[in-house]
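Everything below belongs to final.cif, which stores mmCIF, C-alpha atoms.
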```cif
data_data
#
loop_
_atom_site.label_atom_id
_atom_site.label_comp_id
_atom_site.auth_asym_id
_atom_site.auth_seq_id
_atom_site.Cartn_x
_atom_site.Cartn_y
_atom_site.Cartn_z
CA MET A 20 -46.86 17.17 26.16
CA SER A 21 -46.81 13.83 24.32
CA ARG A 22 -44.10 12.55 22.04
CA HIS A 23 -46.54 12.99 19.16
CA SER A 24 -45.81 16.70 19.44
CA ILE A 25 -42.52 15.99 17.65
CA THR A 26 -43.18 15.94 13.93
CA GLU A 27 -41.65 13.36 11.65
CA SER A 28 -39.47 15.95 9.93
CA HIS A 29 -38.20 17.27 13.26
CA MET A 30 -37.44 13.72 14.41
CA ARG A 31 -35.43 13.17 11.23
CA ALA A 32 -33.52 16.36 11.95
CA MET A 33 -32.78 15.13 15.50
CA LEU A 34 -31.49 11.80 14.18
CA GLY A 35 -29.39 13.65 11.63
CA VAL A 36 -27.68 15.69 14.36
CA ILE A 37 -26.94 12.53 16.34
CA ASP A 38 -25.59 10.71 13.27
CA GLU A 39 -23.38 13.65 12.30
CA ALA A 40 -21.91 13.84 15.80
CA ARG A 41 -21.21 10.10 15.93
CA HIS A 42 -19.22 10.39 12.71
CA ASP A 43 -17.33 13.50 13.84
CA LYS A 44 -13.74 12.40 14.45
CA GLY A 45 -12.49 15.77 15.68
CA ASP A 46 -10.47 16.22 18.85
CA GLU A 47 -13.09 18.11 20.88
CA VAL A 48 -15.06 16.35 23.62
CA PRO A 49 -17.95 16.32 22.94
CA PRO A 50 -17.79 16.83 19.16
CA ARG A 51 -18.39 20.46 18.29
CA SER A 52 -20.75 19.44 15.50
CA LEU A 53 -23.14 18.21 18.18
CA LEU A 54 -23.41 21.64 19.78
CA GLU A 55 -23.86 23.24 16.37
CA GLY A 56 -26.61 20.77 15.51
CA LEU A 57 -28.43 21.27 18.78
CA GLY A 58 -28.36 25.02 18.21
CA ARG A 59 -30.15 24.47 14.91
CA LEU A 60 -32.81 22.28 16.52
CA VAL A 61 -33.45 24.60 19.46
CA PRO A 62 -33.48 28.24 18.29
CA CYS A 63 -31.27 30.35 20.55
CA ASP A 64 -28.82 33.23 20.53
CA LEU A 65 -26.02 31.30 22.24
CA ALA A 66 -25.45 27.55 22.56
CA GLU A 67 -22.82 26.36 25.05
CA PHE A 68 -21.29 23.22 26.53
CA GLY A 69 -19.15 23.28 29.62
CA GLU A 70 -17.89 21.26 32.55
CA VAL A 71 -16.44 22.59 35.77
CA ASP A 72 -14.77 20.89 38.70
CA LEU A 73 -16.01 22.82 41.72
CA PRO A 74 -13.30 22.02 44.30
CA THR A 75 -10.46 23.07 41.99
CA ARG A 76 -12.35 25.67 39.90
CA CYS A 77 -11.06 24.02 36.74
CA PHE A 78 -13.07 24.29 33.50
CA PHE A 79 -13.01 21.53 30.88
CA GLY A 80 -14.09 21.43 27.25
CA ASP A 81 -15.84 24.79 27.06
CA GLN A 82 -17.55 25.30 23.70
CA GLU A 83 -19.92 27.94 22.37
CA VAL A 84 -21.73 28.80 19.15
CA GLU A 85 -23.06 32.33 18.71
CA TYR A 86 -26.24 32.84 16.70
CA GLY A 87 -27.42 36.26 17.88
CA GLY A 88 -24.18 38.20 17.50
CA HIS A 89 -20.82 38.43 19.23
CA TYR A 90 -20.87 38.17 23.01
CA PRO A 91 -17.73 39.15 24.99
CA MET A 92 -16.26 36.48 27.24
CA PRO A 93 -17.55 37.11 30.79
CA ASP A 94 -15.29 37.18 33.85
CA SER A 95 -15.21 33.70 35.41
CA GLU A 96 -14.48 35.20 38.83
CA VAL A 97 -17.90 36.85 38.72
CA TRP A 98 -19.49 33.45 38.09
CA TRP A 99 -17.76 31.98 41.13
CA ARG A 100 -18.90 34.95 43.22
CA PHE A 101 -22.56 34.60 42.25
CA LYS A 102 -22.99 30.99 41.15
CA HIS A 103 -25.14 30.34 44.23
CA GLN A 104 -27.75 32.53 42.53
CA HIS A 105 -27.85 30.31 39.44
CA PRO A 106 -30.76 27.89 40.02
CA HIS A 107 -29.58 25.42 37.39
CA CYS A 108 -26.03 25.21 38.75
CA VAL A 109 -27.25 24.82 42.32
CA ALA A 110 -29.65 22.04 41.34
CA VAL A 111 -27.14 20.20 39.14
CA GLU A 112 -24.48 20.42 41.84
CA ARG A 113 -26.84 18.74 44.28
CA SER A 114 -27.85 16.03 41.81
CA PRO A 115 -25.14 15.55 39.15
CA GLY A 116 -26.80 14.52 35.90
CA GLY A 117 -29.96 13.40 37.66
CA LEU A 118 -32.16 16.34 36.69
CA GLU A 119 -34.50 16.71 33.76
CA VAL A 120 -34.09 19.34 31.07
CA SER A 121 -35.32 22.62 32.55
CA GLN A 122 -35.50 26.30 31.77
CA LEU A 123 -34.98 29.27 34.00
CA THR A 124 -38.68 30.02 34.39
CA ASP A 125 -39.13 26.60 36.01
CA TRP A 126 -37.18 27.97 38.97
CA MET A 127 -38.00 31.67 39.18
CA ALA A 128 -39.78 34.51 37.40
CA THR A 129 -37.79 36.32 34.71
CA ARG A 130 -38.26 39.64 36.50
CA GLU A 131 -36.83 38.17 39.71
CA PHE A 132 -33.84 36.73 37.84
CA ARG A 133 -33.05 40.05 36.13
CA ASN A 134 -32.70 41.69 39.55
CA LEU A 135 -29.91 39.29 40.57
CA ALA A 136 -26.24 40.29 40.44
CA LEU A 137 -25.63 37.04 38.55
CA TYR A 138 -27.65 38.47 35.66
CA THR A 139 -26.57 42.11 35.78
CA ASP A 140 -22.85 41.34 36.25
CA TYR A 141 -22.44 38.06 34.35
CA LEU A 142 -25.31 36.62 32.28
CA ARG A 143 -26.69 39.78 30.70
CA PRO A 144 -28.18 39.95 28.05
CA PHE A 145 -29.63 36.45 28.51
CA PRO A 146 -32.67 36.36 30.82
CA ASN A 147 -33.83 33.05 29.42
CA MET A 148 -32.00 29.73 29.20
CA LEU A 149 -32.67 26.04 28.75
CA VAL A 150 -30.26 23.59 30.40
CA VAL A 151 -29.44 19.92 29.71
CA PRO A 152 -27.44 18.37 32.57
CA LEU A 153 -25.33 15.29 31.81
CA PRO A 154 -24.06 12.69 34.29
CA THR A 155 -20.69 13.45 35.82
CA ALA A 156 -18.65 12.84 38.95
CA PRO A 157 -19.66 14.37 42.30
CA GLY A 158 -18.33 17.89 42.67
CA ARG A 159 -18.67 18.60 38.96
CA ILE A 160 -21.18 20.33 36.71
CA ARG A 161 -21.48 19.16 33.09
CA MET A 162 -24.22 20.63 30.93
CA TYR A 163 -25.44 22.11 27.67
CA THR A 164 -27.00 25.58 27.90
CA PHE A 165 -29.13 27.38 25.33
CA SER A 166 -29.65 31.10 25.96
CA ARG A 167 -31.91 33.76 24.49
CA GLU A 168 -31.92 37.51 24.73
CA SER A 169 -35.70 37.42 24.41
CA THR A 170 -37.84 36.77 27.48
CA ARG A 171 -40.02 34.46 25.37
CA PRO A 172 -39.81 31.04 27.02
CA PHE A 173 -38.48 28.02 25.21
CA SER A 174 -41.27 25.86 23.86
CA GLU A 175 -42.30 22.47 25.16
CA ARG A 176 -41.08 21.07 21.85
CA ASP A 177 -37.62 22.52 22.60
CA ARG A 178 -37.64 20.88 26.00
CA LEU A 179 -38.93 17.55 24.67
CA THR A 180 -36.37 17.57 21.86
CA LEU A 181 -33.48 17.82 24.31
CA GLU A 182 -34.99 15.38 26.81
CA LEU A 183 -35.35 12.73 24.08
CA MET A 184 -31.82 13.38 22.86
CA ARG A 185 -30.14 13.53 26.27
CA PRO A 186 -29.19 9.81 26.51
CA HIS A 187 -27.57 10.09 23.08
CA LEU A 188 -25.75 13.28 24.09
CA TYR A 189 -24.14 11.41 26.98
CA ASP A 190 -23.26 8.38 24.84
CA ILE A 191 -21.63 10.64 22.22
CA TYR A 192 -19.68 12.42 24.98
CA ARG A 193 -18.32 9.10 26.25
CA GLU A 194 -17.47 7.85 22.77
CA ALA A 195 -15.55 11.05 22.01
CA ALA A 196 -13.74 10.88 25.35
CA ARG A 197 -12.64 7.30 24.69
CA ARG A 198 -11.37 8.19 21.21
CA ARG A 199 -9.33 11.05 22.59
CA GLN A 200 -7.84 8.98 25.38
CA ALA A 201 -4.39 7.78 24.31
CA PRO A 202 -3.17 4.51 25.85
CA VAL A 203 -1.21 5.01 29.06
CA ARG A 204 0.47 2.12 30.84
CA LEU A 205 -0.14 2.24 34.58
CA THR A 206 0.71 -0.48 37.05
CA LEU A 207 -2.11 -2.32 38.78
CA ARG A 208 -1.29 -0.50 42.04
CA GLU A 209 -1.33 2.88 40.28
CA LEU A 210 -4.75 2.03 38.87
CA ASP A 211 -5.95 1.07 42.35
CA VAL A 212 -4.81 4.44 43.65
CA MET A 213 -6.46 6.36 40.80
CA ARG A 214 -9.75 4.52 41.17
CA ALA A 215 -9.74 5.54 44.83
CA VAL A 216 -8.91 9.13 43.86
CA ALA A 217 -11.84 9.11 41.43
CA LYS A 218 -14.10 8.15 44.34
CA GLY A 219 -12.91 11.22 46.24
CA LEU A 220 -10.72 9.46 48.82
CA SER A 221 -7.90 11.36 50.48
CA ASN A 222 -4.32 10.10 50.41
CA ASP A 223 -4.67 8.91 54.01
CA ALA A 224 -7.83 6.99 53.17
CA ILE A 225 -6.23 5.44 50.10
CA ALA A 226 -3.24 4.31 52.16
CA ARG A 227 -5.56 2.60 54.62
CA GLN A 228 -7.64 1.03 51.89
CA ILE A 229 -4.78 -0.56 49.97
CA VAL A 230 -2.64 -1.07 53.10
CA VAL A 231 0.47 0.89 52.20
CA GLU A 232 2.40 3.81 53.66
CA LEU A 233 1.19 7.34 52.94
CA SER A 234 4.51 8.08 51.22
CA THR A 235 3.85 5.16 48.86
CA VAL A 236 0.51 6.65 47.81
CA ARG A 237 2.22 9.96 47.12
CA LYS A 238 4.87 8.21 45.04
CA HIS A 239 2.23 6.40 43.00
CA LEU A 240 0.49 9.72 42.34
CA GLU A 241 3.75 11.34 41.25
CA ASN A 242 4.34 8.49 38.80
CA VAL A 243 0.80 8.76 37.44
CA TYR A 244 1.10 12.53 36.97
CA ARG A 245 4.36 12.05 35.09
CA LYS A 246 2.95 9.38 32.81
CA LEU A 247 -0.20 11.38 32.06
CA GLY A 248 1.55 14.72 31.72
CA VAL A 249 -0.67 16.39 34.33
CA SER A 250 -0.06 18.11 37.65
CA SER A 251 -3.20 17.54 39.74
CA ARG A 252 -5.59 14.86 40.98
CA THR A 253 -8.49 16.43 39.09
CA ALA A 254 -6.63 16.50 35.78
CA ALA A 255 -5.46 12.89 36.26
CA VAL A 256 -8.99 11.66 36.93
CA ALA A 257 -10.35 13.61 33.97
CA ARG A 258 -7.66 12.08 31.77
CA LEU A 259 -8.15 8.49 32.94
CA PHE A 260 -11.90 8.41 33.55
CA PRO A 261 -13.43 11.19 31.40
CA GLU A 262 -16.76 9.41 31.05
CA THR A 263 -17.17 8.39 34.70
CA PRO A 264 -20.60 9.52 36.00
#
```
Using structure tokens, write down the structure from this file.
Amino acid sequence: MSRHSITESHMRAMLGVIDEARHDKGDEVPPRSLLEGLGRLVPCDLAEFGEVDLPTRCFFGDQEVEYGGHYPMPDSEVWWRFKHQHPHCVAVERSPGGLEVSQLTDWMATREFRNLALYTDYLRPFPNMLVVPLPTAPGRIRMYTFSRESTRPFSERDRLTLELMRPHLYDIYREAARRRQAPVRLTLRELDVMRAVAKGLSNDAIARQIVVELSTVRKHLENVYRKLGVSSRTAAVARLFPETP
């Protein structure tokens, strides 16, 4: 499908959503107005944004906008039990942010998906979804999801709309993350340690890299946690480097 399939009026609507989000000075990351605008551009019953750190099972910045009615909050433990059945999550986990916009029917037939425990126990009543993955750190999933109760596939215009907007979605995410990030004074050595943590290095590996004792690394981490008001490596990295791909 060519870009000429996007009409001038629809393109203006897309630009309007981007402009509104860039001027949204709220505290949420990304701005909630962006999710609301995307839900208007791509007709759906439920529009969501979420990020999850897989090693720690921590969720960040979950947002949702309901268009088709009220949907009860599903049990996250069920998602962890059956996430290996979710083709989008599996693909995004293997290639963080490197995938194109895709819908469920790109991966499997709707009938096949509805027979999975992931659908019957967690995602019901949504047999159809369109996903926009954004860049993030290894071991994380960060994406927008648009779900429909209908089995009618999303259109190629829906897909193209989100593919064209995706670079702007990531830029807006980073801008919002930087605005939210309050200044924190860390020493140069503490920053060295946290950059190594962000790369996934263990405490032992960090000690070898910066040539200090293991106990010194632990002390630096304790100081960083105290200054940031967090209690884990994942939370500290998310606080210091929220936009790191």
Please write as a ChimeraX atom specification the full residue list that the PyMOL selection byres ((chain A and resi 51) around 12) yields on this file.
/A:36-37,39-50,52-58,66-69,80-84,163,188,191-192,195
Report as a PyMOL selection string all protein, DNA and RNA residues lying within 10 Å of Lys218 of chain A, evaluated on all atoms listed in the file, omitting residues in the same chain fewer than 4 positions from it.
chain A and resi 156-157+213-214+256
Here's the selection I'm unsure about, the PyMOL selection byres ((chain A and resi 125) around 12); applied to the file above, which residues does it give, as a ChimeraX atom specification?
/A:106-107,110,119-124,126-129,132,147-150,172-173,178
Give me, please, the distance in Å between atom CA of His103 of chain A and atom CA of Tyr90 of chain A, quoted to one decimal.
23.0 Å
Show me, as number ranges by chain, the residues that have an atom within 8 Å of Val212 of chain A when counting all atoms listed in the file, minus same-chain residues fewer than 2 positions from it.
A: 208-210, 214-216, 225, 236, 239-240
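Atom CA of Tyr244 of chain A sits 18.0 Å away from atom CA of Asp72 of chain A.
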State, in Å with one decimal place, the distance from atom CA of His187 of chain A to atom CA of Glu175 of chain A.
19.4 Å
Would you translate the PyMOL selection byres ((chain A and resi 259) around 12) into the concrete set of residues it matches in this file, as a VMD selection string?
chain A and resid 196 to 197 199 to 205 209 to 210 212 to 214 216 to 217 243 to 244 246 to 249 252 to 258 260 to 263
Find the spatial neighbours of Asp223 of chain A, counting all atoms listed in the file, within a cut-off of 9 Å - ignore same-chain residues fewer than 5 positions away - and output them as a list in words.
Gln228, Glu232, Leu233 and Val236 of chain A
